[in-house]
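Visitor: Structure incoming, see below.
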Amino acid sequence: MRVDAVTDAIGNTPLLRIDPSVHGLRHIDLYAKLELLNPFGSVKDRAAWAMARPLLARAAGRGDIVVELSSGNTAKALAVIAGMHGLGFRSVTNRMKVPEIKDLLLLLGADIEELPGQAECLDPTDAEDPLTRMHRSLAAAGTGYLHTDQYFNPLNVDAHRHGTGPEIVADLDGRAPDYFVACVGTAGSSTGVAAALRRHNPGLQVVGLVAHKADFIPGIRTIDEVHEVGLFDPGVYDAIETITADDAVDGLLTLVRRCGTLAGPTGGGAYQGAVRHLRTVDAGLTGRRTAVFIVCDRVESYLSYLRERRPELFRQPARPTSTRTVTDAEAARAPSVDVGTAQRWVSQGRGPVVDLRSPFAYQALHIDGSINIVDELFAELLHGGLPFGRRQPVLLVCPVGEKSARYAALLTRMGHPDVHSLEGGIIAWRDAGGELVRD
Ligand SMILES: Cc1ncc(COP(=O)(O)O)c(C=O)c1O
């Protein structure tokens, strides 16, 4: 295939039939739409190109910078597209959690602006979170930015309504599948593909997959987060189901080891979520059915994500001093204090208060005298053993008290007799009128 520009190679990805001996479904042919084979590596190449393309000439004339709220694949595709057109790219994010992706963006010449997340935005006089404020200021004309606006831009949906969806129908000889399963991030791909497929099969069943609330799966949202997305319409989905990071890794292993498909975690999650859903209907079927899921991107960017969750895959010993080993029941039993007790703790100087939030949130507002050890760094410290003397009382603080409870449970298990978590976190402290200071 000869192309004049690499963007001409976006789309027309293969539809791979998964061997039935792998998935075990008896009446359903399961296909994977291999979006990982797009030139910049993901399903977001289509959306990025569709959103940026109409605005590039004007932006180049004005010297505008391309900007997007993204910490992953959209940013990656836009960084390449901007560079190809002589434009700068800035990624604004509160979710830059995968080091390989951050490094790749820097390599591609992107600027990265990290902001505190919503739960961490703590100025009580400010009703808006930083991303909302950023979004509004970018939307104003004449800012010097080309803002692609993936969470609200209908061109994100159109890229899939006119591209991904019709390609699936063409590859199934003009028929739409009976089931379509996709992970939901901006909701662009699931909404656009579902619309195209329903034109051919109004009885199509669409399953949207979101991340379990306690889990981080890079690229997709939890059920709470998805409702903040402008493009998300619950009416698109016949079912919205949850996948865990473990599901995503299990599915990824099946795809990479048995199907020759070097899928990332959301591709794995989509496979696992599809098979789990389809098993519930398979037994009752008589005729044959067809199902399609999307493999969004590639595995190579997630090696540290995988190593952290499954060290044994990399011939590394399990990490017993990780909060991943803390059960929900253990976290619920972790020693904790309410805001009143915490206020006395601080005024009496009972022991260090450790704030586990990001440096941005800490700098914005924190409990006076507390020290900031960001979650990821604290996790590393614990692999070396107890970071505090056993006689030193410690109070742990996080946004809503969930993470700190897990750490309090873990430190207790490691033998610390006097470690506590602040119930309800910094949000409860703020809501109770507790004093917060700014650096
Ligand atoms: C790895 C990955 N999987 C899935 C998705 C979800 O796609 P969409 O944004 O179209 O809902 C994204 C979106 O960024 C992603 O990066």
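FYI, nothing fancy with the structure tokens labels: chains A, B, ... in order, residues from 1 per chain, ligands from 1 as they appear.
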Please identify the residues whose atoms come within 6 Å of ligand 1, using only C-alpha atoms and all ligand atoms, and report them as JSON, numbers by chain.
Guide: {"A": [72, 73, 183, 184, 185, 186, 187, 188, 189, 219, 220, 266, 296, 297]}
Visitor: Using only C-alpha atoms, which residues sit within 8 Å of Leu209 (chain A) once same-chain residues fewer than 6 positions away are excluded, as a list in words?
Guide: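 Counting only C-alpha atoms, the residues come to Val181, Ala182, Cys183, Val184, Ile240, Glu241, Thr242, Ile243, Ala270 and Gly273 of chain A.
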Visitor: Contacts of region 51-53 of chain A at 10 Å or less, counting only C-alpha atoms, minus same-chain residues fewer than 5 places along, as a list in words?
Guide: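 Near neighbours after the sequence-gap exclusion: Thr7, Arg46, Ala59, Val66, Leu78, Ile81, Ala82, Leu146, His147, Thr148, Asp149, Gln150, Asn153, Pro154, Leu155, Asn156, Val157, Asp158 and Ala159 of chain A.
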Visitor: Tell me which of A:Asp8, A:Asp64, A:Asp355, A:Asp282 sits closest to Trp49 (chain A), counting only C-alpha atoms.
Guide: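 Answer, going by the shortest atom-to-atom distance: A:Asp8.
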Visitor: Using only C-alpha atoms, I'd like a table of the residues in region 57-116 of chain A that come within 12 Å of region 374-398 of chain A; for each, show the closest atom pair and its distance in Å rounded to one decimal, ordered by chain and ascending number, as CSV.
Guide:
residue,atom,partner,partner_atom,distance
A:Lys97,CA,A:Glu376,CA,9.5
A:Val98,CA,A:Glu376,CA,11.4
A:Pro99,CA,A:Glu376,CA,11.7
Visitor: Save out the residues we just selected, all heavy atoms, as a PDB file, in the first residue's frame.
Guide:
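See out01.pdb below for the written result:
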ATOM      1  N   LYS A  97      -0.333   8.892  34.394  1.00  0.00           N
ATOM      2  CA  LYS A  97       0.094   7.888  35.365  1.00  0.00           C
ATOM      3  C   LYS A  97       0.972   6.800  34.766  1.00  0.00           C
ATOM      4  O   LYS A  97       1.452   5.952  35.486  1.00  0.00           O
ATOM      5  CB  LYS A  97      -1.145   7.220  35.967  1.00  0.00           C
ATOM      6  CG  LYS A  97      -1.895   8.107  36.941  1.00  0.00           C
ATOM      7  CD  LYS A  97      -2.887   7.264  37.689  1.00  0.00           C
ATOM      8  CE  LYS A  97      -3.788   8.101  38.564  1.00  0.00           C
ATOM      9  NZ  LYS A  97      -4.977   7.349  38.940  1.00  0.00           N
ATOM     10  N   VAL A  98       1.117   6.769  33.438  1.00  0.00           N
ATOM     11  CA  VAL A  98       1.892   5.686  32.832  1.00  0.00           C
ATOM     12  C   VAL A  98       3.202   6.274  32.308  1.00  0.00           C
ATOM     13  O   VAL A  98       3.203   7.063  31.363  1.00  0.00           O
ATOM     14  CB  VAL A  98       1.092   5.012  31.690  1.00  0.00           C
ATOM     15  CG1 VAL A  98       1.883   3.863  31.090  1.00  0.00           C
ATOM     16  CG2 VAL A  98      -0.257   4.517  32.215  1.00  0.00           C
ATOM     17  N   PRO A  99       4.345   5.928  32.953  1.00  0.00           N
ATOM     18  CA  PRO A  99       5.598   6.613  32.615  1.00  0.00           C
ATOM     19  C   PRO A  99       6.005   6.469  31.154  1.00  0.00           C
ATOM     20  O   PRO A  99       6.517   7.423  30.564  1.00  0.00           O
ATOM     21  CB  PRO A  99       6.634   5.952  33.539  1.00  0.00           C
ATOM     22  CG  PRO A  99       5.960   4.835  34.239  1.00  0.00           C
ATOM     23  CD  PRO A  99       4.482   4.964  34.054  1.00  0.00           C
TER      24      PRO A  99
END
Visitor: Name all residues at most 9 Å from Ala75 (chain A) (count only C-alpha atoms; drop same-chain ones fewer than 4 positions away) and give them as a list in words.
Guide: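 Counting only C-alpha atoms, the residues come to Lys44, Ala48, Val67, Glu68, Leu69, Ser70, Ser71, Ala79, Val80, Phe89, Arg90, Ser91, Leu105 and Ala110 of chain A.
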Visitor: Out of region 26-248 of chain A, which residues get strand (DSSP E) from DSSP, as number ranges by chain?
Guide: A: 28-34, 65-69, 89-93, 111-114, 145-147, 179-183, 205-211, 239-243
Visitor: May I have the residues within 8 Å of region 305-309 of chain A as a ChimeraX atom specification, using only C-alpha atoms and disregarding those fewer than 4 positions away in the same chain?
Guide: /A:98,249,313-314,324
Visitor: Counting only C-alpha atoms, what is within 12 Å of Gly287 (chain A), bar same-chain residues fewer than 6 positions away, as a PyMOL selection string?
Guide: chain A and resi 26-29+178+281
Visitor: Among region 25-174 of chain A, which ones does DSSP assign to helix (DSSP H, G or I) (computed from the backbone)? Answer as a VMD selection string.
Guide: chain A and resid 35 to 37 44 to 62 73 to 84 99 to 107 118 to 120 130 to 139 154 to 171
Visitor: Residues within 12 Å of Arg289 (chain A), please, as number ranges by chain. Count only C-alpha atoms; anything in the same chain fewer than 3 positions from it doesn't count.
Guide: A: 25-31, 172, 175-180, 204-205, 278, 281-286, 292
Visitor: The selected residues should be written to file as a compact mmCIF listing (two decimals), in the first residue's frame (atoms: C-alpha atoms).
Guide:
# COMPACT_ATOMS: atom_id res chain seq x y z
CA LEU A 25 -18.23 -19.72 22.81
CA ARG A 26 -20.25 -22.34 20.92
CA HIS A 27 -22.76 -20.26 18.97
CA ILE A 28 -20.98 -16.92 18.60
CA ASP A 29 -18.25 -15.90 16.16
CA LEU A 30 -16.11 -13.36 17.99
CA TYR A 31 -14.11 -10.76 16.04
CA LEU A 172 -18.86 -8.92 7.67
CA ARG A 175 -24.09 -7.32 7.81
CA ALA A 176 -23.76 -5.72 11.24
CA PRO A 177 -22.87 -7.98 14.18
CA ASP A 178 -25.42 -8.97 16.85
CA TYR A 179 -23.20 -7.75 19.70
CA PHE A 180 -20.70 -4.91 19.95
CA LEU A 204 -27.71 -4.73 17.86
CA GLN A 205 -26.79 -5.18 21.54
CA LEU A 278 -21.45 -13.44 25.71
CA VAL A 281 -26.28 -15.67 26.29
CA ASP A 282 -24.34 -18.37 24.42
CA ALA A 283 -25.92 -21.36 26.14
CA GLY A 284 -29.48 -20.27 25.25
CA LEU A 285 -28.78 -19.71 21.54
CA THR A 286 -29.73 -22.02 18.70
CA VAL A 292 -17.18 -7.59 17.68
Visitor: Any idea what the distance is between CA of Asp439 (chain A) and CA of Thr341 (chain A)?
Guide: 24.4 Å
Visitor: To one decimal place, how far is CA of Leu410 (chain A) from CA of Asp431 (chain A) in Å?
Guide: 27.3 Å
Visitor: When distances are computed from only C-alpha atoms, which of A:Leu56, A:Ala248, A:Ala194, A:Leu231 shows the smallest separation from His212 (chain A)?
Guide: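 Once distances to His212 (chain A) are computed over only C-alpha atoms, the minimum belongs to A:Ala248.
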Visitor: Compare A:Gly351, A:Gly208, A:Pro20, A:Gly86 by their minimum atom-to-atom distance to Gly63 (chain A), counting only C-alpha atoms, and give me the closest one.
Guide: A:Gly86
Visitor: I need the residue nearest Thr321 (chain A) from this list: A:Gly415, A:Gly165, A:Gly109, A:Gly192. Use only C-alpha atoms for the distance.
Guide: A:Gly415
Visitor: Have a look at A:Phe152, A:Phe232, A:Tyr237, A:Phe360 and name the one nearest to Arg438 (chain A); count only C-alpha atoms.
Guide: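 Using only C-alpha atoms, Arg438 (chain A) sits closest to A:Phe360.
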